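Source file: upload-v2.csv. Holds: CSV, C-alpha atoms and all ligand atoms.
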```
chain,number,residue,atom,x,y,z
A,1,MET,CA,88.5,-53.8,16.3
A,2,ILE,CA,86.2,-50.8,16.5
A,3,PRO,CA,87.6,-48.3,19.1
A,4,PHE,CA,85.2,-46.3,21.2
A,5,LEU,CA,86.7,-43.2,19.8
A,6,ASP,CA,89.9,-42.8,17.7
A,7,LEU,CA,91.1,-39.4,18.7
A,8,GLN,CA,94.2,-39.7,16.5
A,9,ALA,CA,92.0,-40.1,13.5
A,10,VAL,CA,89.8,-37.2,14.6
A,11,ASN,CA,92.7,-34.8,14.5
A,12,ASN,CA,94.7,-36.2,11.6
A,13,PRO,CA,92.7,-34.4,8.9
A,14,TYR,CA,93.8,-31.1,10.4
A,15,ARG,CA,97.6,-32.0,10.6
A,16,LYS,CA,98.7,-29.6,7.9
A,17,GLU,CA,96.6,-26.7,9.2
A,18,PHE,CA,97.8,-27.3,12.7
A,19,HIS,CA,101.4,-27.1,11.6
A,20,ALA,CA,100.6,-23.8,9.8
A,21,VAL,CA,99.0,-22.6,13.0
A,22,MET,CA,102.1,-23.5,15.0
A,23,GLU,CA,104.3,-21.6,12.6
A,24,ARG,CA,102.1,-18.6,12.8
A,25,ILE,CA,102.2,-18.6,16.6
A,26,LEU,CA,105.9,-19.1,16.7
A,27,ASP,CA,106.5,-16.3,14.2
A,28,ARG,CA,104.3,-13.9,16.2
A,29,GLY,CA,105.6,-14.9,19.6
A,30,TRP,CA,102.5,-13.8,21.5
A,31,LEU,CA,101.3,-16.8,23.6
A,32,ILE,CA,98.7,-15.5,26.2
A,33,LEU,CA,95.5,-13.5,25.5
A,34,GLY,CA,96.3,-12.3,22.1
A,35,GLN,CA,94.6,-12.0,18.7
A,36,GLU,CA,93.9,-15.8,18.3
A,37,VAL,CA,91.9,-15.9,21.6
A,38,GLU,CA,90.0,-12.7,20.6
A,39,ALA,CA,89.3,-14.1,17.1
A,40,PHE,CA,88.1,-17.5,18.4
A,41,GLU,CA,85.9,-15.8,21.0
A,42,SER,CA,84.3,-13.7,18.3
A,43,GLU,CA,83.8,-16.7,16.0
A,44,PHE,CA,82.4,-19.0,18.7
A,45,ALA,CA,80.1,-16.3,20.0
A,46,ASP,CA,78.8,-15.9,16.4
A,47,TYR,CA,78.4,-19.6,16.1
A,48,CYS,CA,76.3,-19.8,19.3
A,49,GLY,CA,74.3,-16.7,18.4
A,50,VAL,CA,75.4,-14.7,21.5
A,51,ARG,CA,77.1,-11.4,22.1
A,52,HIS,CA,80.0,-12.6,24.2
A,53,CYS,CA,82.4,-15.6,24.4
A,54,ILE,CA,85.1,-15.6,27.1
A,55,GLY,CA,87.9,-18.2,26.7
A,56,VAL,CA,89.0,-19.9,29.9
A,57,GLY,CA,91.3,-22.7,31.0
A,58,ASN,CA,88.7,-25.6,30.9
A,59,GLY,CA,85.0,-26.5,31.2
A,60,LEU,CA,85.0,-26.8,35.0
A,61,ASP,CA,86.4,-23.2,35.3
A,62,ALA,CA,83.9,-21.9,32.8
A,63,LEU,CA,81.1,-23.1,35.1
A,64,HIS,CA,82.8,-22.2,38.3
A,65,LEU,CA,83.7,-18.6,37.3
A,66,VAL,CA,80.2,-17.8,36.2
A,67,LEU,CA,78.8,-18.9,39.6
A,68,ARG,CA,81.5,-16.8,41.2
A,69,ALA,CA,80.7,-13.8,39.1
A,70,TRP,CA,77.1,-14.1,40.3
A,71,ASN,CA,78.4,-14.0,43.9
A,72,ILE,CA,77.1,-17.4,44.6
A,73,GLY,CA,78.9,-18.8,47.7
A,74,PRO,CA,78.6,-20.3,51.2
A,75,GLY,CA,75.0,-20.7,52.3
A,76,ASP,CA,73.7,-20.7,48.8
A,77,GLU,CA,72.2,-23.7,46.9
A,78,VAL,CA,72.5,-24.6,43.2
A,79,ILE,CA,70.3,-27.2,41.5
A,80,VAL,CA,72.3,-29.7,39.4
A,81,PRO,CA,71.3,-33.0,37.8
A,82,ALA,CA,71.9,-36.1,39.9
A,83,HIS,CA,73.1,-37.8,36.7
A,84,THR,CA,76.0,-35.9,35.2
A,85,PHE,CA,79.8,-35.7,35.0
A,86,ILE,CA,81.1,-34.7,38.4
A,87,ALA,CA,82.4,-31.3,37.0
A,88,THR,CA,78.9,-29.9,37.1
A,89,TRP,CA,78.8,-30.5,40.9
A,90,LEU,CA,82.4,-29.4,41.5
A,91,ALA,CA,81.8,-26.0,39.9
A,92,VAL,CA,79.2,-25.4,42.6
A,93,THR,CA,81.2,-26.9,45.5
A,94,HIS,CA,84.3,-24.7,44.6
A,95,THR,CA,82.2,-21.6,45.2
A,96,GLY,CA,81.3,-22.8,48.7
A,97,ALA,CA,77.7,-23.3,47.7
A,98,THR,CA,75.9,-26.6,48.0
A,99,PRO,CA,74.9,-28.7,44.9
A,100,VAL,CA,71.3,-29.9,45.2
A,101,PRO,CA,70.8,-32.9,43.0
A,102,VAL,CA,67.6,-33.4,41.0
A,103,GLU,CA,66.5,-36.6,39.2
A,104,PRO,CA,66.9,-36.9,35.4
A,105,GLN,CA,64.2,-38.2,33.0
A,106,LEU,CA,64.6,-41.9,32.2
A,107,THR,CA,63.9,-41.2,28.5
A,108,SER,CA,66.1,-38.1,27.8
A,109,TYR,CA,68.7,-38.6,30.5
A,110,ASN,CA,68.4,-34.9,31.1
A,111,LEU,CA,67.2,-32.9,34.2
A,112,ASP,CA,63.5,-33.7,34.8
A,113,PRO,CA,61.8,-30.3,34.9
A,114,ASP,CA,58.9,-31.8,37.0
A,115,CYS,CA,61.4,-32.5,39.9
A,116,ILE,CA,63.0,-29.0,40.0
A,117,GLU,CA,60.4,-27.0,42.0
A,118,GLU,CA,60.3,-29.4,44.9
A,119,ALA,CA,64.1,-28.9,45.3
A,120,ILE,CA,63.9,-25.1,45.4
A,121,THR,CA,64.4,-23.5,48.8
A,122,ALA,CA,64.9,-19.9,50.1
A,123,ARG,CA,68.6,-20.5,49.6
A,124,THR,CA,68.4,-21.6,45.9
A,125,ARG,CA,70.3,-19.2,43.6
A,126,ALA,CA,70.7,-21.0,40.3
A,127,ILE,CA,69.9,-24.0,38.1
A,128,VAL,CA,72.6,-25.7,36.1
A,129,PRO,CA,70.9,-27.9,33.4
A,130,VAL,CA,73.3,-30.2,31.5
A,131,HIS,CA,72.8,-30.9,27.8
A,132,LEU,CA,73.9,-34.4,28.5
A,133,TYR,CA,75.3,-36.7,25.8
A,134,GLY,CA,74.8,-33.8,23.3
A,135,GLN,CA,71.0,-33.6,23.7
A,136,PRO,CA,69.6,-30.2,24.8
A,137,ALA,CA,67.7,-30.0,28.1
A,138,ASP,CA,64.1,-28.7,28.1
A,139,MET,CA,65.2,-25.1,28.4
A,140,ASP,CA,61.9,-23.2,28.0
A,141,VAL,CA,60.4,-25.1,31.0
A,142,ILE,CA,63.5,-24.7,33.0
A,143,ASN,CA,63.7,-20.9,32.3
A,144,THR,CA,60.1,-20.5,33.2
A,145,ILE,CA,60.7,-22.1,36.6
A,146,ALA,CA,63.8,-20.0,37.1
A,147,GLN,CA,62.0,-16.8,36.3
A,148,ARG,CA,59.2,-17.7,38.7
A,149,HIS,CA,61.7,-18.1,41.6
A,150,GLY,CA,64.2,-15.4,40.6
A,151,LEU,CA,67.0,-17.9,39.8
A,152,LYS,CA,69.9,-17.7,37.3
A,153,VAL,CA,70.2,-20.4,34.7
A,154,LEU,CA,73.7,-21.7,33.7
A,155,GLU,CA,73.8,-24.2,30.8
A,156,ASP,CA,76.5,-26.9,31.1
A,157,ALA,CA,77.0,-27.2,27.4
A,158,ALA,CA,80.3,-29.2,27.7
A,159,GLN,CA,78.9,-32.1,25.6
A,160,ALA,CA,76.7,-30.2,23.2
A,161,HIS,CA,78.6,-27.7,21.0
A,162,GLY,CA,76.2,-27.0,18.1
A,163,ALA,CA,73.1,-28.8,19.4
A,164,LEU,CA,69.8,-27.0,18.7
A,165,TYR,CA,66.8,-26.5,21.0
A,166,ARG,CA,63.7,-25.4,19.1
A,167,GLY,CA,66.0,-24.3,16.3
A,168,LYS,CA,68.3,-22.2,18.6
A,169,ARG,CA,71.8,-23.1,19.5
A,170,VAL,CA,72.7,-24.1,23.0
A,171,GLY,CA,75.0,-21.6,24.7
A,172,GLY,CA,72.4,-18.8,24.4
A,173,LEU,CA,69.4,-20.4,26.0
A,174,GLY,CA,70.0,-19.4,29.6
A,175,ASP,CA,71.8,-16.5,31.4
A,176,ALA,CA,75.2,-18.0,30.5
A,177,ALA,CA,76.7,-21.3,29.3
A,178,GLY,CA,79.9,-23.2,30.0
A,179,PHE,CA,81.7,-25.1,27.3
A,180,SER,CA,84.7,-27.5,27.5
A,181,PHE,CA,87.2,-28.1,24.7
A,182,TYR,CA,88.7,-31.1,26.3
A,183,PRO,CA,90.1,-33.2,23.4
A,184,VAL,CA,87.2,-35.8,23.2
A,185,LYS,CA,84.4,-33.2,23.2
A,186,ASN,CA,82.6,-32.4,19.9
A,187,LEU,CA,84.8,-29.4,19.6
A,188,GLY,CA,88.1,-30.5,21.1
A,189,ALA,CA,91.5,-28.8,21.4
A,190,LEU,CA,94.9,-30.5,21.7
A,191,GLY,CA,94.8,-30.1,25.4
A,192,ASP,CA,92.5,-28.3,27.9
A,193,GLY,CA,90.3,-25.4,27.1
A,194,GLY,CA,86.9,-23.9,27.9
A,195,ALA,CA,84.7,-20.9,27.3
A,196,VAL,CA,81.6,-19.1,28.7
A,197,THR,CA,79.0,-17.7,26.3
A,198,THR,CA,76.5,-15.1,27.4
A,199,ASN,CA,74.4,-12.1,26.2
A,200,ASP,CA,75.1,-10.3,29.5
A,201,ASP,CA,77.6,-7.5,29.1
A,202,GLN,CA,78.3,-7.1,32.8
A,203,LEU,CA,78.9,-10.8,33.3
A,204,ALA,CA,81.2,-10.9,30.3
A,205,ASP,CA,83.2,-8.0,31.8
A,206,ALA,CA,83.4,-9.7,35.2
A,207,LEU,CA,84.6,-13.0,33.7
A,208,ARG,CA,87.4,-11.3,31.7
A,209,LEU,CA,88.6,-10.0,35.1
A,210,LEU,CA,88.2,-13.2,37.0
A,211,ARG,CA,90.0,-15.4,34.4
A,212,ASN,CA,93.1,-13.1,34.5
A,213,TYR,CA,94.0,-12.3,38.1
A,214,GLY,CA,91.2,-9.8,38.5
A,215,SER,CA,93.2,-7.6,36.3
A,216,ARG,CA,92.2,-5.3,33.4
A,217,HIS,CA,95.5,-3.5,33.3
A,218,LYS,CA,98.7,-5.3,34.2
A,219,TYR,CA,99.6,-5.1,37.9
A,220,HIS,CA,96.3,-3.5,38.8
A,221,ASN,CA,94.0,-6.1,40.5
A,222,GLU,CA,90.4,-5.1,40.9
A,223,VAL,CA,89.0,-8.3,42.3
A,224,VAL,CA,90.5,-11.6,43.7
A,225,GLY,CA,90.9,-13.4,40.4
A,226,PHE,CA,92.1,-16.7,39.1
A,227,ASN,CA,94.5,-17.7,36.4
A,228,SER,CA,92.2,-19.5,33.9
A,229,ARG,CA,92.8,-18.4,30.3
A,230,LEU,CA,92.3,-20.2,27.0
A,231,ASP,CA,95.8,-20.0,25.5
A,232,GLU,CA,96.7,-18.7,22.1
A,233,LEU,CA,97.8,-22.0,20.6
A,234,GLN,CA,94.6,-23.9,21.7
A,235,ALA,CA,92.5,-20.9,20.5
A,236,ALA,CA,94.2,-21.0,17.1
A,237,LEU,CA,93.7,-24.8,16.8
A,238,LEU,CA,90.1,-24.5,17.8
A,239,ARG,CA,89.5,-21.9,15.1
A,240,VAL,CA,90.5,-24.5,12.5
A,241,LYS,CA,88.2,-27.2,14.0
A,242,LEU,CA,85.3,-24.8,14.5
A,243,ARG,CA,85.0,-24.5,10.7
A,244,HIS,CA,84.4,-28.2,10.6
A,245,LEU,CA,82.1,-28.6,13.6
A,246,ASP,CA,78.8,-28.6,11.8
A,247,ARG,CA,80.1,-31.2,9.3
A,248,CYS,CA,81.4,-33.4,12.1
A,249,ASN,CA,78.1,-33.1,14.0
A,250,GLU,CA,76.2,-34.0,10.9
A,251,HIS,CA,78.4,-37.2,10.6
A,252,ARG,CA,77.5,-38.1,14.2
A,253,ARG,CA,73.8,-37.6,13.4
A,254,ARG,CA,74.1,-40.0,10.4
A,255,ILE,CA,75.7,-42.7,12.7
A,256,ALA,CA,73.1,-42.1,15.4
A,257,ASN,CA,70.3,-42.5,12.8
A,258,LEU,CA,71.8,-45.8,11.6
A,259,TYR,CA,71.9,-47.0,15.2
A,260,ARG,CA,68.4,-45.8,16.0
A,261,GLU,CA,67.0,-47.7,13.0
A,262,GLY,CA,69.3,-50.8,13.2
A,263,LEU,CA,68.8,-51.4,16.9
A,264,GLN,CA,65.0,-51.3,16.9
A,265,GLY,CA,63.1,-54.3,18.1
A,266,LEU,CA,66.0,-55.5,20.3
A,267,ASP,CA,65.7,-56.0,24.0
A,268,LEU,CA,67.3,-52.6,24.8
A,269,VAL,CA,66.3,-48.9,25.1
A,270,ILE,CA,67.4,-46.5,22.3
A,271,PRO,CA,67.8,-42.9,23.3
A,272,ALA,CA,64.5,-40.9,22.7
A,273,VAL,CA,64.7,-37.5,20.9
A,274,PRO,CA,62.0,-35.0,21.7
A,275,GLU,CA,60.6,-33.3,18.6
A,276,TRP,CA,62.1,-29.9,19.7
A,277,ALA,CA,65.7,-31.3,20.0
A,278,ASP,CA,68.4,-31.6,17.4
A,279,PRO,CA,71.2,-33.4,19.4
A,280,VAL,CA,74.8,-33.6,18.4
A,281,TRP,CA,75.4,-37.1,19.8
A,282,HIS,CA,78.5,-36.5,21.9
A,283,LEU,CA,77.7,-40.0,23.1
A,284,PHE,CA,75.2,-42.6,21.9
A,285,VAL,CA,73.9,-44.1,25.1
A,286,ILE,CA,71.7,-47.2,25.1
A,287,ARG,CA,70.2,-49.0,28.1
A,288,HIS,CA,70.3,-52.7,28.7
A,289,VAL,CA,69.2,-54.7,31.8
A,290,LYS,CA,72.3,-56.9,31.5
A,291,ARG,CA,74.6,-54.0,30.7
A,292,ASP,CA,77.8,-55.6,32.0
A,293,TRP,CA,77.1,-58.8,30.1
A,294,LEU,CA,76.5,-56.8,26.9
A,295,GLN,CA,79.6,-54.8,27.3
A,296,GLN,CA,81.6,-58.0,27.7
A,297,LYS,CA,80.0,-59.6,24.6
A,298,LEU,CA,80.8,-56.5,22.6
A,299,SER,CA,84.3,-56.4,23.8
A,300,GLU,CA,84.7,-60.0,22.7
A,301,ALA,CA,83.3,-59.0,19.3
A,302,GLY,CA,85.9,-56.2,19.1
A,303,VAL,CA,83.6,-53.3,19.8
A,304,GLY,CA,84.9,-50.7,22.3
A,305,THR,CA,82.2,-49.3,24.7
A,306,LEU,CA,82.3,-47.1,27.8
A,307,ILE,CA,79.9,-46.4,30.7
A,308,HIS,CA,78.9,-42.7,31.3
A,309,TYR,CA,78.9,-42.8,34.3
A,310,PRO,CA,79.6,-45.8,36.5
A,311,VAL,CA,79.2,-44.0,39.8
A,312,PRO,CA,77.0,-40.9,40.4
A,313,PRO,CA,78.6,-37.8,41.9
A,314,TYR,CA,76.7,-38.2,45.2
A,315,ARG,CA,78.1,-41.7,45.7
A,316,GLN,CA,81.8,-40.6,45.1
A,317,PRO,CA,84.1,-40.5,48.1
A,318,ALA,CA,84.5,-36.8,47.3
A,319,TYR,CA,80.9,-36.2,48.3
A,320,ALA,CA,80.8,-38.7,51.2
A,321,ALA,CA,80.1,-35.8,53.5
A,322,MET,CA,76.7,-35.2,51.8
A,323,ALA,CA,75.7,-38.7,52.9
A,324,LEU,CA,73.0,-39.1,50.3
A,325,LYS,CA,71.8,-42.7,50.6
A,326,ASN,CA,72.0,-45.1,47.7
A,327,GLY,CA,68.5,-45.3,46.3
A,328,ARG,CA,67.3,-41.8,47.1
A,329,PHE,CA,67.6,-41.2,43.4
A,330,PRO,CA,66.0,-44.3,41.8
A,331,VAL,CA,66.0,-42.9,38.3
A,332,THR,CA,69.7,-42.0,38.5
A,333,GLU,CA,70.5,-45.4,40.0
A,334,ALA,CA,68.6,-47.1,37.3
A,335,LEU,CA,70.6,-45.2,34.6
A,336,HIS,CA,73.9,-45.9,36.2
A,337,ASP,CA,73.1,-49.6,36.3
A,338,THR,CA,72.0,-49.9,32.7
A,339,VAL,CA,73.7,-47.3,30.4
A,340,LEU,CA,76.2,-48.2,27.8
A,341,SER,CA,77.9,-45.8,25.3
A,342,LEU,CA,78.4,-47.2,21.8
A,343,PRO,CA,81.2,-46.0,19.5
A,344,ILE,CA,80.4,-42.7,17.7
A,345,GLY,CA,82.6,-40.0,16.3
A,346,PRO,CA,83.3,-37.7,13.3
A,347,THR,CA,85.6,-40.3,11.6
A,348,MET,CA,83.8,-43.5,12.4
A,349,THR,CA,82.6,-45.1,9.1
A,350,MET,CA,79.1,-46.3,8.3
A,351,ASP,CA,80.4,-49.8,7.8
A,352,GLN,CA,81.7,-49.7,11.3
A,353,ALA,CA,78.3,-48.6,12.6
A,354,TYR,CA,76.7,-51.5,10.7
A,355,GLU,CA,79.3,-53.8,12.4
A,356,VAL,CA,78.4,-52.4,15.8
A,357,ILE,CA,74.7,-53.1,15.1
A,358,GLU,CA,75.5,-56.6,14.0
A,359,ALA,CA,77.5,-57.2,17.2
A,360,VAL,CA,74.7,-55.9,19.4
A,361,THR,CA,72.1,-58.0,17.5
A,362,HIS,CA,74.2,-61.2,17.9
A,363,ALA,CA,75.0,-60.5,21.5
A,364,GLU,CA,71.3,-60.9,22.3
A,365,PRO,CA,70.6,-64.2,24.0
B,401,LIG,C1,83.7,-32.4,30.2
B,401,LIG,C2,82.7,-31.9,31.0
B,401,LIG,C3,82.9,-30.8,31.9
B,401,LIG,C4,84.2,-30.3,32.3
B,401,LIG,O1,85.0,-29.9,31.3
B,401,LIG,P1,86.6,-29.9,31.5
B,401,LIG,O2,87.1,-29.1,30.3
B,401,LIG,O3,87.1,-31.3,31.5
B,401,LIG,O4,86.9,-29.2,32.8
B,401,LIG,C5,81.8,-30.3,32.6
B,401,LIG,N1,80.5,-30.8,32.4
B,401,LIG,C6,80.3,-31.9,31.6
B,401,LIG,C7,78.9,-32.4,31.5
B,401,LIG,C8,81.4,-32.5,30.9
B,401,LIG,O5,81.1,-33.5,30.1
```
Starting from the file, give its structure as structure tokens.
Amino acid sequence: MIPFLDLQAVNNPYRKEFHAVMERILDRGWLILGQEVEAFESEFADYCGVRHCIGVGNGLDALHLVLRAWNIGPGDEVIVPAHTFIATWLAVTHTGATPVPVEPQLTSYNLDPDCIEEAITARTRAIVPVHLYGQPADMDVINTIAQRHGLKVLEDAAQAHGALYRGKRVGGLGDAAGFSFYPVKNLGALGDGGAVTTNDDQLADALRLLRNYGSRHKYHNEVVGFNSRLDELQAALLRVKLRHLDRCNEHRRRIANLYREGLQGLDLVIPAVPEWADPVWHLFVIRHVKRDWLQQKLSEAGVGTLIHYPVPPYRQPAYAAMALKNGRFPVTEALHDTVLSLPIGPTMTMDQAYEVIEAVTHAEP
């Protein structure tokens, strides 16, 4: 049996270091916004090549709080990919603004820059490109459009820790970026966690207030804030795993390369990688016209797969009020009908990858 992702195995190598971390935290007795969060923020900012990192409670809050800090709210519109995890949309909705979906490219799965301008109105305030499945969006083109229309750009980097766009790390490619440290992400905690990265001093300051009750000094509340802090324990665990992130991403790249070679010539679509992208393969997503059938065949062969995502945000009951008709986003619909995520992860073996290739090859009719 090849599991889709063996999270137990992912964290096992760090067991000893995690225990040491726990001892250190217990000895110190400081649990919220202390030196571990500060150290992680500084280390992750360096890693992303930006001036600031602000640890928050999760990836959704990272995105939401940035939009809040930009005073985006009711009456405003924010451009989001039609094809993404629902959190990208929720971050906009929670500010009171309206998410405006834009089609992805069939080849890269990412926001199609050619479809952005027709979605811009007088109310548009920001664009939120997602580096979906670990592959960077085409940020130069998106930034140029944003500049032309006076819009902010917020990267949703929740699936792309360490990915490179034209040699530069995601997280520093727009005005700000939101990261998630949800356990299965490329950099995952042992619980929830998130962060914003930015080069904007003012934004960083505003976020430090917003995440902590609007408070710089205890019991003095400057703005209506939230409680959304990365906690000391998760920050300390993340510091351990950050040191191994590049190695883990490199391992994912090796598996992806095996897949991309081994699955050639079959009746399916392998993810395309633009020459300016160095993805970190959070997911390895193929497309197949008989996707459900292939998933069933692979399951019978002992290969775990998942679908990212079975239902687009605009067809969720949560967004029923938007009443976007099925078929208005043909590219998104086509993706949702055909995508299948193969197993990939930092502890998957090359032999397992060969077995997956075998299973897919033999599933072909
Ligand atoms: C995981 C994820 C998020 C949200 O992160 P949480 O930490 O679960 O809140 C946002 N956007 C994308 C694309 C994600 O994959």
Return as a compact mmCIF listing (two decimals) with C-alpha atoms, in the frame of the given file the residues of protein, DNA or RNA that approach ligand LIG 401 (chain B) to within 10 Å, with all atoms listed in the file taken into account.
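Now in part-v3.txt:
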```
# COMPACT_ATOMS: atom_id res chain seq x y z
CA VAL A 56 89.00 -19.90 29.90
CA GLY A 57 91.30 -22.70 31.00
CA ASN A 58 88.70 -25.60 30.90
CA GLY A 59 85.00 -26.50 31.20
CA LEU A 60 85.00 -26.80 35.00
CA ASP A 61 86.40 -23.20 35.30
CA ALA A 62 83.90 -21.90 32.80
CA LEU A 63 81.10 -23.10 35.10
CA HIS A 64 82.80 -22.20 38.30
CA PRO A 81 71.30 -33.00 37.80
CA HIS A 83 73.10 -37.80 36.70
CA THR A 84 76.00 -35.90 35.20
CA PHE A 85 79.80 -35.70 35.00
CA ILE A 86 81.10 -34.70 38.40
CA ALA A 87 82.40 -31.30 37.00
CA THR A 88 78.90 -29.90 37.10
CA TRP A 89 78.80 -30.50 40.90
CA LEU A 90 82.40 -29.40 41.50
CA ALA A 91 81.80 -26.00 39.90
CA PRO A 129 70.90 -27.90 33.40
CA VAL A 130 73.30 -30.20 31.50
CA HIS A 131 72.80 -30.90 27.80
CA LEU A 132 73.90 -34.40 28.50
CA TYR A 133 75.30 -36.70 25.80
CA GLY A 134 74.80 -33.80 23.30
CA GLU A 155 73.80 -24.20 30.80
CA ASP A 156 76.50 -26.90 31.10
CA ALA A 157 77.00 -27.20 27.40
CA ALA A 158 80.30 -29.20 27.70
CA GLN A 159 78.90 -32.10 25.60
CA ALA A 160 76.70 -30.20 23.20
CA GLY A 178 79.90 -23.20 30.00
CA PHE A 179 81.70 -25.10 27.30
CA SER A 180 84.70 -27.50 27.50
CA PHE A 181 87.20 -28.10 24.70
CA TYR A 182 88.70 -31.10 26.30
CA PRO A 183 90.10 -33.20 23.40
CA VAL A 184 87.20 -35.80 23.20
CA LYS A 185 84.40 -33.20 23.20
CA GLY A 188 88.10 -30.50 21.10
CA ALA A 189 91.50 -28.80 21.40
CA GLY A 191 94.80 -30.10 25.40
CA ASP A 192 92.50 -28.30 27.90
CA GLY A 193 90.30 -25.40 27.10
CA GLY A 194 86.90 -23.90 27.90
CA ALA A 195 84.70 -20.90 27.30
CA HIS A 282 78.50 -36.50 21.90
CA HIS A 308 78.90 -42.70 31.30
```
Shell of 12 Å around region 2-13 of chain A, all atoms listed in the file, local chain residues under 3 positions omitted, as an MDAnalysis selection string
chainID A and resid 16:19 182:190 237:238 240:241 244:245 248 252 282:284 295 298:307 340:357 359
Determine, counting only C-alpha atoms, which protein, DNA and RNA residues have an atom within 7 Å of an atom of Arg260 (chain A); residues of the same chain fewer than 4 positions away are not included. Present the result as a PyMOL selection string. chain A and resi 256+264+270
With distances taken over only C-alpha atoms, the candidate from A:Leu33, A:Ala318, A:Leu173, A:Leu230 nearest Asp140 (chain A) is A:Leu173
Among listed residues A:Glu36, A:His149, A:His288, A:Ala323, nearest Arg24 (chain A) (using all atoms listed in the file):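 Among the listed residues, the smallest separation from Arg24 (chain A) belongs to A:Glu36.
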